[in-house]
>>> print(open('structure.txt').read())   # compact mmCIF, C-alpha atoms and all ligand atoms
# COMPACT_ATOMS: atom_id res chain seq x y z
CA MET P 783 101.85 110.25 77.09
CA ILE P 784 100.18 110.52 80.50
CA ASN P 785 102.07 108.15 82.72
CA PHE P 786 100.36 106.04 85.33
CA ASN P 787 102.69 107.17 88.11
CA LYS P 788 105.35 109.80 88.61
CA PRO P 789 107.11 110.26 91.94
CA TYR P 790 106.77 113.71 93.45
CA PHE P 791 109.79 115.47 94.97
CA THR P 792 109.37 118.39 97.34
CA GLY P 793 112.84 119.80 96.57
CA GLN P 794 114.01 119.43 100.17
CA GLU P 795 115.05 115.77 99.84
CA SER P 796 118.56 116.45 98.55
CA VAL P 797 119.07 119.20 101.15
CA TYR P 798 118.39 116.78 103.99
CA MET P 799 120.48 114.06 102.35
CA HIS P 800 123.41 116.47 102.24
CA GLU P 801 122.80 117.29 105.89
CA ALA P 802 122.90 113.60 106.76
CA MET P 803 126.21 113.29 104.90
CA ALA P 804 127.63 116.32 106.69
CA LEU P 805 126.67 114.77 110.02
CA GLY P 806 128.91 111.86 109.08
CA LYS P 807 126.60 109.05 110.16
CA ILE P 808 124.47 107.54 107.44
CA SER P 809 123.74 104.01 108.71
CA GLY P 810 120.41 103.22 110.37
CA GLY P 811 119.10 104.87 113.52
CA GLY P 812 120.61 108.32 112.80
CA VAL P 813 119.25 111.83 113.24
CA PHE P 814 116.75 111.68 110.36
CA THR P 815 115.48 108.26 111.37
CA LYS P 816 114.71 109.70 114.78
CA LYS P 817 112.99 112.74 113.22
CA CYS P 818 110.79 110.47 111.11
CA HIS P 819 109.93 108.28 114.12
CA GLN P 820 108.97 111.34 116.13
CA PHE P 821 106.84 112.66 113.26
CA PHE P 822 104.77 109.46 113.03
CA GLN P 823 104.36 109.09 116.77
CA GLU P 824 103.25 112.69 117.19
CA LYS P 825 101.03 113.06 114.13
CA TYR P 826 99.26 109.72 114.32
CA GLY P 827 99.69 108.72 117.96
CA PHE P 828 101.36 105.42 117.06
CA LYS P 829 102.73 103.83 120.22
CA LYS P 830 106.10 102.97 118.68
CA VAL P 831 107.41 102.98 115.11
CA MET P 832 110.51 101.71 113.32
CA LEU P 833 111.47 102.67 109.78
CA THR P 834 112.15 99.61 107.64
CA THR P 835 113.66 99.05 104.21
CA SER P 836 110.17 98.29 102.81
CA CYS P 837 106.64 97.37 103.79
CA THR P 838 107.62 93.81 102.89
CA SER P 839 110.35 93.97 105.59
CA ALA P 840 107.89 95.38 108.12
CA LEU P 841 105.48 92.52 107.40
CA GLU P 842 108.32 90.00 107.74
CA MET P 843 109.26 91.56 111.09
CA ALA P 844 105.62 91.23 112.18
CA ALA P 845 105.59 87.52 111.32
CA ILE P 846 108.82 86.97 113.31
CA LEU P 847 107.50 89.01 116.26
CA LEU P 848 104.32 86.94 116.39
CA ILE P 849 106.44 83.75 116.44
CA ILE P 850 104.57 82.32 113.48
CA LYS P 851 105.54 78.67 112.99
CA GLU P 852 104.72 75.67 110.83
CA GLY P 853 101.00 75.02 110.82
CA ASP P 854 99.84 78.32 112.28
CA GLU P 855 96.97 79.74 110.27
CA VAL P 856 96.84 83.27 108.92
CA ILE P 857 93.69 84.80 107.45
CA VAL P 858 94.43 87.20 104.56
CA PRO P 859 92.58 88.48 101.51
CA SER P 860 93.41 86.79 98.21
CA TYR P 861 93.12 90.14 96.46
CA THR P 862 96.34 91.74 97.70
CA PHE P 863 100.02 92.17 96.98
CA VAL P 864 102.12 89.04 97.37
CA SER P 865 104.12 90.44 100.34
CA THR P 866 101.06 90.41 102.60
CA VAL P 867 101.11 86.65 102.33
CA ASN P 868 104.77 85.81 101.67
CA ALA P 869 105.87 87.26 105.01
CA PHE P 870 103.88 84.54 106.78
CA VAL P 871 104.60 81.75 104.28
CA LEU P 872 108.32 82.34 104.97
CA ARG P 873 107.66 81.35 108.61
CA GLY P 874 105.79 78.18 107.59
CA ALA P 875 102.23 79.45 108.09
CA LYS P 876 99.21 77.96 106.42
CA ILE P 877 97.44 80.66 104.42
CA VAL P 878 93.66 80.85 104.70
CA PHE P 879 92.29 83.23 102.10
CA VAL P 880 89.15 85.22 102.71
CA ASP P 881 87.08 86.70 99.89
CA SER P 882 86.75 90.42 99.16
CA SER P 883 83.52 92.18 99.97
CA MET P 884 80.74 92.94 97.46
CA ASN P 885 81.20 96.66 98.08
CA SER P 886 84.98 96.95 98.04
CA PRO P 887 88.15 94.97 97.38
CA ASN P 888 88.71 94.83 101.18
CA MET P 889 88.29 91.54 103.02
CA ASP P 890 84.66 90.70 103.77
CA ALA P 891 84.60 90.95 107.58
CA ASP P 892 81.43 88.82 107.70
CA LYS P 893 83.25 85.88 106.12
CA ILE P 894 86.12 85.74 108.62
CA GLU P 895 84.52 83.95 111.55
CA ALA P 896 83.75 80.78 109.57
CA LEU P 897 87.48 80.49 108.76
CA ILE P 898 88.74 80.74 112.35
CA THR P 899 90.10 77.52 113.90
CA THR P 900 92.12 76.79 117.04
CA LYS P 901 95.23 77.26 114.89
CA THR P 902 94.36 80.77 113.67
CA LYS P 903 97.08 83.09 114.87
CA VAL P 904 96.71 86.27 112.81
CA ILE P 905 94.24 88.22 110.67
CA VAL P 906 95.81 90.62 108.14
CA PRO P 907 93.38 93.27 106.91
CA VAL P 908 94.62 95.16 103.84
CA HIS P 909 93.06 98.61 103.61
CA TYR P 910 92.73 98.68 99.85
CA ALA P 911 93.21 102.11 98.23
CA GLY P 912 93.54 103.56 101.73
CA ILE P 913 89.86 102.86 102.48
CA ALA P 914 89.59 101.22 105.90
CA CYS P 915 88.44 97.66 106.44
CA ASP P 916 85.62 97.23 108.94
CA MET P 917 88.02 97.28 111.89
CA ASP P 918 85.51 97.12 114.76
CA LYS P 919 84.25 93.77 113.46
CA ILE P 920 87.77 92.48 112.84
CA MET P 921 89.13 93.56 116.24
CA GLU P 922 86.08 92.11 117.98
CA LEU P 923 86.66 88.71 116.36
CA ALA P 924 90.36 88.91 117.18
CA ASN P 925 89.66 89.68 120.83
CA VAL P 926 87.07 86.95 121.23
CA HIS P 927 89.30 84.30 119.63
CA ASN P 928 92.62 85.58 120.96
CA ILE P 929 94.08 86.32 117.53
CA PHE P 930 96.58 89.02 116.55
CA VAL P 931 95.80 91.64 113.91
CA VAL P 932 98.48 93.01 111.57
CA GLU P 933 97.23 95.86 109.39
CA ASP P 934 98.73 95.93 105.91
CA ALA P 935 98.54 99.71 105.69
CA ALA P 936 100.73 99.98 102.58
CA HIS P 937 98.12 102.23 100.88
CA SER P 938 96.95 103.89 104.03
CA ILE P 939 99.14 106.76 105.15
CA ASP P 940 97.00 109.56 106.60
CA ALA P 941 93.81 107.49 106.34
CA TYR P 942 91.29 106.97 109.13
CA TYR P 943 88.71 104.55 110.48
CA LYS P 944 86.14 106.39 112.62
CA ASN P 945 88.75 109.13 113.16
CA LYS P 946 91.41 106.64 114.28
CA PRO P 947 94.49 106.63 112.02
CA LEU P 948 94.90 103.40 110.08
CA GLY P 949 97.91 101.58 111.43
CA SER P 950 96.96 102.46 115.02
CA ILE P 951 94.27 99.81 115.44
CA GLY P 952 95.88 96.37 115.02
CA HIS P 953 98.58 94.96 117.31
CA LEU P 954 101.07 95.71 114.53
CA ALA P 955 100.90 97.54 111.19
CA ALA P 956 103.07 97.99 108.10
CA PHE P 957 103.28 101.02 105.79
CA SER P 958 105.03 101.38 102.43
CA PHE P 959 107.02 104.29 101.00
CA HIS P 960 107.55 102.67 97.62
CA GLU P 961 107.60 105.02 94.65
CA THR P 962 103.95 104.22 93.86
CA LYS P 963 102.64 105.23 97.29
CA ASN P 964 101.50 108.71 98.51
CA ILE P 965 104.69 109.42 100.48
CA THR P 966 107.86 107.91 99.11
CA SER P 967 111.56 107.33 99.62
CA GLY P 968 111.83 105.16 96.50
CA GLU P 969 111.80 102.03 98.61
CA GLY P 970 110.94 102.19 102.29
CA GLY P 971 108.52 101.13 104.97
CA LEU P 972 107.40 101.48 108.55
CA LEU P 973 106.57 98.98 111.26
CA VAL P 974 104.05 100.27 113.79
CA ILE P 975 103.95 98.58 117.17
CA ASN P 976 100.76 99.30 119.07
CA ASP P 977 101.09 96.39 121.51
CA PRO P 978 104.03 97.33 123.76
CA GLN P 979 105.01 93.69 124.44
CA PHE P 980 106.68 93.67 120.99
CA ILE P 981 108.78 96.83 121.23
CA GLU P 982 112.00 95.49 122.73
CA ARG P 983 112.16 92.39 120.57
CA ALA P 984 111.41 94.37 117.37
CA GLN P 985 114.55 96.43 117.89
CA ILE P 986 116.60 93.22 118.22
CA ILE P 987 115.01 91.50 115.21
CA GLY P 988 115.71 94.54 113.05
CA ASP P 989 119.30 94.68 114.31
CA MET P 990 120.24 91.23 112.93
CA GLY P 991 119.10 89.49 116.12
CA THR P 992 121.59 91.38 118.30
CA ASN P 993 121.21 93.67 121.31
CA ARG P 994 123.30 96.34 119.60
CA PHE P 995 120.74 99.04 120.40
CA ALA P 996 121.11 98.48 124.16
CA PHE P 997 124.89 98.56 123.66
CA TYR P 998 124.72 101.93 121.83
CA LYS P 999 122.61 103.31 124.66
CA GLY P 1000 125.31 102.22 127.11
CA GLU P 1001 123.09 99.70 128.88
CA ILE P 1002 125.47 96.76 128.25
CA ASN P 1003 129.21 96.67 127.58
CA LYS P 1004 129.19 94.47 124.47
CA TYR P 1005 126.55 93.33 122.04
CA GLU P 1006 125.74 89.73 121.25
CA TRP P 1007 123.54 87.46 119.20
CA VAL P 1008 120.36 87.07 121.26
CA ASP P 1009 117.54 86.18 118.83
CA VAL P 1010 116.75 85.57 115.16
CA GLY P 1011 116.73 88.66 112.98
CA SER P 1012 117.86 90.35 109.83
CA SER P 1013 118.91 93.74 108.47
CA PHE P 1014 115.52 95.43 108.36
CA PHE P 1015 116.38 99.07 109.09
CA PRO P 1016 117.19 101.62 106.35
CA SER P 1017 120.12 103.98 105.99
CA ASP P 1018 119.71 107.48 107.41
CA MET P 1019 119.97 108.74 103.80
CA ILE P 1020 116.60 107.14 103.10
CA ALA P 1021 115.20 108.65 106.29
CA ALA P 1022 116.51 112.10 105.24
CA PHE P 1023 114.69 111.75 101.92
CA LEU P 1024 111.53 110.57 103.64
CA TYR P 1025 111.60 113.38 106.18
CA ALA P 1026 111.36 115.97 103.41
CA GLN P 1027 108.23 114.24 102.14
CA LEU P 1028 106.69 113.98 105.61
CA GLN P 1029 107.10 117.69 106.18
CA ASN P 1030 104.94 118.24 103.09
CA ILE P 1031 102.38 115.56 103.85
CA ASP P 1032 99.41 117.91 104.23
CA ASP P 1033 100.06 119.55 100.88
CA ILE P 1034 100.59 116.17 99.18
CA GLN P 1035 97.40 114.77 100.68
CA ASN P 1036 95.28 117.80 99.76
CA LYS P 1037 96.50 117.65 96.19
CA ARG P 1038 95.81 113.92 95.88
CA LYS P 1039 92.34 114.21 97.36
CA GLN P 1040 91.53 116.95 94.82
CA ILE P 1041 92.67 114.72 91.96
CA TRP P 1042 90.46 111.93 93.31
CA GLU P 1043 87.44 114.28 93.46
CA HIS P 1044 88.05 115.46 89.88
CA TYR P 1045 88.00 111.89 88.65
CA TYR P 1046 84.94 111.01 90.68
CA ASP P 1047 82.93 114.05 89.54
CA GLY P 1048 84.07 113.52 85.97
CA LEU P 1049 83.01 109.88 85.83
CA LYS P 1050 79.89 109.66 87.97
CA ASP P 1051 77.47 110.01 85.06
CA LEU P 1052 79.00 106.91 83.49
CA GLN P 1053 78.25 105.03 86.68
CA GLU P 1054 74.65 106.25 86.58
CA ALA P 1055 74.43 105.06 82.99
CA GLY P 1056 75.50 101.60 84.20
CA LYS P 1057 78.74 101.58 82.15
CA LEU P 1058 81.17 101.22 85.03
CA THR P 1059 81.36 101.19 88.83
CA LEU P 1060 83.24 103.75 90.92
CA PRO P 1061 84.81 103.17 94.35
CA LYS P 1062 82.29 103.14 97.19
CA MET P 1063 82.87 105.16 100.32
CA PHE P 1064 81.77 104.18 103.81
CA SER P 1065 80.74 106.40 106.69
CA TYR P 1066 83.46 104.83 108.88
CA ALA P 1067 86.34 105.35 106.43
CA SER P 1068 88.16 108.46 105.19
CA ASN P 1069 89.61 108.72 101.69
CA ASN P 1070 93.36 109.44 101.52
CA GLY P 1071 93.60 109.85 97.74
CA HIS P 1072 95.89 106.88 97.27
CA MET P 1073 94.53 105.79 93.91
CA PHE P 1074 91.59 106.11 91.57
CA TYR P 1075 90.14 102.91 90.19
CA ILE P 1076 87.10 101.99 88.16
CA LEU P 1077 85.43 98.59 87.80
CA CYS P 1078 84.66 97.55 84.25
CA ARG P 1079 81.82 95.17 83.42
CA ASN P 1080 84.12 92.28 82.50
CA LEU P 1081 87.67 91.23 81.69
CA THR P 1082 87.36 91.71 77.93
CA GLU P 1083 85.99 95.21 78.28
CA ARG P 1084 88.80 96.16 80.68
CA GLY P 1085 91.37 94.92 78.18
CA ARG P 1086 89.75 96.91 75.38
CA LEU P 1087 89.52 100.06 77.50
CA MET P 1088 93.21 99.80 78.46
CA GLU P 1089 94.14 99.41 74.82
CA TYR P 1090 91.94 102.36 73.84
CA LEU P 1091 93.47 104.59 76.52
CA LYS P 1092 96.96 103.55 75.45
CA MET P 1093 96.17 104.51 71.84
CA ASN P 1094 95.18 107.91 73.22
CA GLY P 1095 98.39 108.38 75.14
CA ILE P 1096 97.11 107.30 78.55
CA SER P 1097 98.74 104.64 80.64
CA SER P 1098 96.39 102.71 82.96
CA VAL P 1099 97.19 99.59 84.95
CA PHE P 1100 95.41 96.74 86.67
CA HIS P 1101 96.84 94.76 89.54
CA TYR P 1102 96.41 91.93 91.98
CA SER P 1103 95.48 88.66 90.43
CA SER P 1104 93.77 86.52 93.08
CA LEU P 1105 96.63 84.93 95.04
CA HIS P 1106 94.70 81.69 95.49
CA LYS P 1107 94.97 81.26 91.72
CA SER P 1108 98.67 82.19 91.49
CA PRO P 1109 101.12 79.57 90.19
CA TYR P 1110 102.82 79.26 93.59
CA PHE P 1111 99.62 78.66 95.54
CA ARG P 1112 97.54 76.61 93.11
CA ASP P 1113 100.35 74.04 92.74
CA ARG P 1114 100.12 73.36 96.47
CA HIS P 1115 96.45 73.83 97.38
CA THR P 1116 93.09 73.36 95.70
CA GLY P 1117 89.40 73.87 96.11
CA MET P 1118 89.13 77.52 97.01
CA ASP P 1119 86.35 79.59 95.55
CA LEU P 1120 86.61 83.35 96.08
CA PRO P 1121 84.36 84.91 93.45
CA MET P 1122 84.60 88.55 94.56
CA SER P 1123 88.40 88.43 94.59
CA ASP P 1124 88.27 87.12 91.02
CA ILE P 1125 85.88 89.88 89.98
CA TYR P 1126 88.26 92.59 91.21
CA SER P 1127 91.19 90.78 89.57
CA ASN P 1128 89.35 90.83 86.24
CA THR P 1129 87.64 94.20 86.22
CA LEU P 1130 89.57 96.75 88.30
CA LEU P 1131 91.52 99.39 86.38
CA ARG P 1132 93.67 102.12 87.93
CA LEU P 1133 93.83 105.51 86.19
CA PRO P 1134 96.90 107.82 86.15
CA PHE P 1135 97.37 109.26 89.62
CA TYR P 1136 100.21 111.41 90.91
CA TYR P 1137 100.79 114.78 92.55
CA ASP P 1138 101.80 116.60 89.37
CA LEU P 1139 98.85 115.37 87.30
CA LYS P 1140 97.26 118.49 85.84
CA GLU P 1141 93.57 119.28 85.68
CA GLU P 1142 93.63 119.25 81.85
CA GLU P 1143 95.24 115.83 81.95
CA ILE P 1144 92.55 114.47 84.27
CA LYS P 1145 89.97 115.96 81.94
CA HIS P 1146 91.64 114.26 78.98
CA VAL P 1147 91.54 110.89 80.75
CA VAL P 1148 87.88 111.39 81.71
CA ASP P 1149 86.98 112.42 78.13
CA LYS P 1150 88.64 109.34 76.70
CA VAL P 1151 86.88 107.03 79.15
CA TYR P 1152 83.64 108.69 78.07
CA SER P 1153 84.34 108.33 74.38
CA PHE P 1154 85.18 104.65 74.88
CA PHE P 1155 81.89 103.97 76.64
CA SER P 1156 79.84 106.03 74.20
CA GLU P 1157 80.81 103.44 71.58
CA ASN P 1158 80.41 100.48 73.95
C1 LIG P 1201 103.07 98.17 97.95
C2 LIG P 1201 102.47 97.11 98.82
C3 LIG P 1201 103.22 96.28 99.66
C4 LIG P 1201 104.72 96.22 99.58
O1 LIG P 1201 105.34 97.39 99.83
P1 LIG P 1201 106.93 97.50 99.62
O2 LIG P 1201 107.26 98.72 100.39
O3 LIG P 1201 107.15 97.63 98.15
O4 LIG P 1201 107.54 96.28 100.20
C5 LIG P 1201 102.57 95.42 100.52
N1 LIG P 1201 101.24 95.35 100.56
C6 LIG P 1201 100.46 96.11 99.76
C7 LIG P 1201 98.98 96.01 99.87
C8 LIG P 1201 101.06 97.00 98.85
O5 LIG P 1201 100.30 97.71 98.02
>>> encode(input="structure.txt", output="structure tokens", more="lines below")
Ligand SMILES: *Cc1c(COP(=O)(O)O)cnc(C)c1O
Amino acid sequence: MINFNKPYFTGQESVYMHEAMALGKISGGGVFTKKCHQFFQEKYGFKKVMLTTSCTSALEMAAILLIIKEGDEVIVPSYTFVSTVNAFVLRGAKIVFVDSSMNSPNMDADKIEALITTKTKVIVPVHYAGIACDMDKIMELANVHNIFVVEDAAHSIDAYYKNKPLGSIGHLAAFSFHETKNITSGEGGLLVINDPQFIERAQIIGDMGTNRFAFYKGEINKYEWVDVGSSFFPSDMIAAFLYAQLQNIDDIQNKRKQIWEHYYDGLKDLQEAGKLTLPKMFSYASNNGHMFYILCRNLTERGRLMEYLKMNGISSVFHYSSLHKSPYFRDRHTGMDLPMSDIYSNTLLRLPFYYDLKEEEIKHVVDKVYSFFSEN
């Protein structure tokens, strides 16, 4: 069986975890947390970063930092993971979904302006598959209308928009180190703070709403409850694990980009034959080898292809059902029509993708996709 995903371990993770244990301080903010922070700030030029327990936590921190309250409007794609939206719903926001583009599952930047009202507080671009949204257009709208931008960069480590790292463009950004992402600590995330006005408060929000950080630095003689907050920062054990992965990021990325190219080269004739559609690339966006997806012609065909691959020992998965049609949302709101989001929900299929996937295995997957379409 060729699995859909398999986490990659560099071998150094357990070494660093033992080191953290030997240092005798494994709660948040320890030596390895600092090493990870420094890595991100140096490699990607992020103004300020904070490791979090997940991308979901980082998004929740962003919603608290932006003081989202009842009635504020947040523009998000419907074709995304539930956390992109939940973080803001938890603060009482009204969700305004924008459709995906014709050319990619990313939000259609040309459809945003019509959705902006005096209550719009945030736009949340999700860089799907690590391919950048059209950030110049989005930032321009945000600046003109005085709106914040939070990048959901869960897929987007080591990905670029016009040579700027994703996560460095919006006021805030959130990354994920979940097992299914390029760089992983099992569960884990990162909040990026590009707008310095949020730095001090982010530390407090992540420290349960206390000024404990200032206390540890010796700036005050006791710490107190000063704001809302929660426990958003991970143990140094997680940071130790993550640090091993970060040290191998170039190797991991090269390998993943090669896998992506093998799939693309292997399948492009099927696209020319009109059997399926492959991901489109844009001159402004790099490709970080996060995933390989194909678009089938319709829902039934996708179901049959998945079944066929499964019979041949290949596990493929689809994901993201339009959130505007989810049970939670449709019980509360009506009348939204987002046809492109529905098309991606019905036709997108992700092929096996992980560091250790061998060339013969990719070839096997490609061959089976071919044999399916030669009969269909
Ligand atoms: C994976 C993912 C998340 C959530 O990440 P966690 O680290 O699991 O919380 C959020 N948004 C998108 C687009 C994702 O793919």
>>> residues_around(input="structure.txt", residues="stretch 861-871 of chain P", least_positions_apart="5", cutoff="6 Å", atoms="all atoms listed in the file", output="ChimeraX atom specification")
/P:838,841-842,845,1102,1104,1123
>>> write_last_selection(input="structure.txt", atoms="C-alpha atoms", output="mmCIF file, in the frame of the given file")
data_model
loop_
_atom_site.group_PDB
_atom_site.id
_atom_site.type_symbol
_atom_site.label_atom_id
_atom_site.label_comp_id
_atom_site.auth_asym_id
_atom_site.auth_seq_id
_atom_site.Cartn_x
_atom_site.Cartn_y
_atom_site.Cartn_z
ATOM 1 C CA THR P 838 107.620 93.810 102.890
ATOM 2 C CA LEU P 841 105.480 92.520 107.400
ATOM 3 C CA GLU P 842 108.320 90.000 107.740
ATOM 4 C CA ALA P 845 105.590 87.520 111.320
ATOM 5 C CA TYR P 1102 96.410 91.930 91.980
ATOM 6 C CA SER P 1104 93.770 86.520 93.080
ATOM 7 C CA SER P 1123 88.400 88.430 94.590
#
>>> closest_residue(input="structure.txt", among="P:Thr1059, P:Gln1029, P:Ser1065, P:Ser1098", to="P:Ile965", atoms="all atoms listed in the file")
P:Gln1029
>>> closest_residue(input="structure.txt", among="P:Tyr998, P:Tyr1075, P:Phe957, P:Phe814", to="ligand LIG 1201 (chain P)", atoms="only C-alpha atoms and all ligand atoms")
P:Phe957
>>> atom_distance(input="structure.txt", atom1="atom CA of P:Val878", atom2="atom CA of P:Pro859")
8.3 Å
>>> atom_distance(input="structure.txt", atom1="atom CA of P:Lys901", atom2="atom CA of P:Leu954")
19.4 Å
>>> closest_residue(input="structure.txt", among="P:Ala911, P:Val926, P:Val831, P:Met1063", to="P:Gly949", atoms="all atoms listed in the file")
P:Val831
>>> atom_distance(input="structure.txt", atom1="atom CA of P:Asn945", atom2="atom CA of P:Phe821")
18.4 Å
>>> residues_near_ligand(input="structure.txt", ligand="ligand LIG 1201 (chain P)", cutoff="7 Å", atoms="all atoms listed in the file", output="list in words")
Ser836, Cys837, Thr838, Ser839, Thr862, Phe863, Ser865, Thr866, Val908, Tyr910, Asp934, Ala935, Ala936, His937, Ser958, Phe959, His960, Glu969, Gly970 and Gly971 of chain P
>>> closest_atom_pairs(input="structure.txt", of="stretch 923-992 of chain P", to="stretch 1125-1139 of chain P", cutoff="12 Å", atoms="all atoms listed in the file", output="JSON lines")
{"residue": "P:Glu961", "atom": "CA", "partner": "P:Tyr1136", "partner_atom": "CA", "distance": 10.5}
{"residue": "P:Thr962", "atom": "CA", "partner": "P:Tyr1136", "partner_atom": "CA", "distance": 8.6}
{"residue": "P:Lys963", "atom": "CA", "partner": "P:Tyr1136", "partner_atom": "CA", "distance": 9.2}
{"residue": "P:Asn964", "atom": "CA", "partner": "P:Tyr1136", "partner_atom": "CA", "distance": 8.2}
{"residue": "P:Ile965", "atom": "CA", "partner": "P:Tyr1137", "partner_atom": "CA", "distance": 10.3}
{"residue": "P:Thr966", "atom": "CA", "partner": "P:Tyr1136", "partner_atom": "CA", "distance": 11.7}
>>> closest_residue(input="structure.txt", among="P:Gly806, P:Gly1048, P:Gly1000, P:Gly991", to="P:Val1151", atoms="only C-alpha atoms")
P:Gly1048
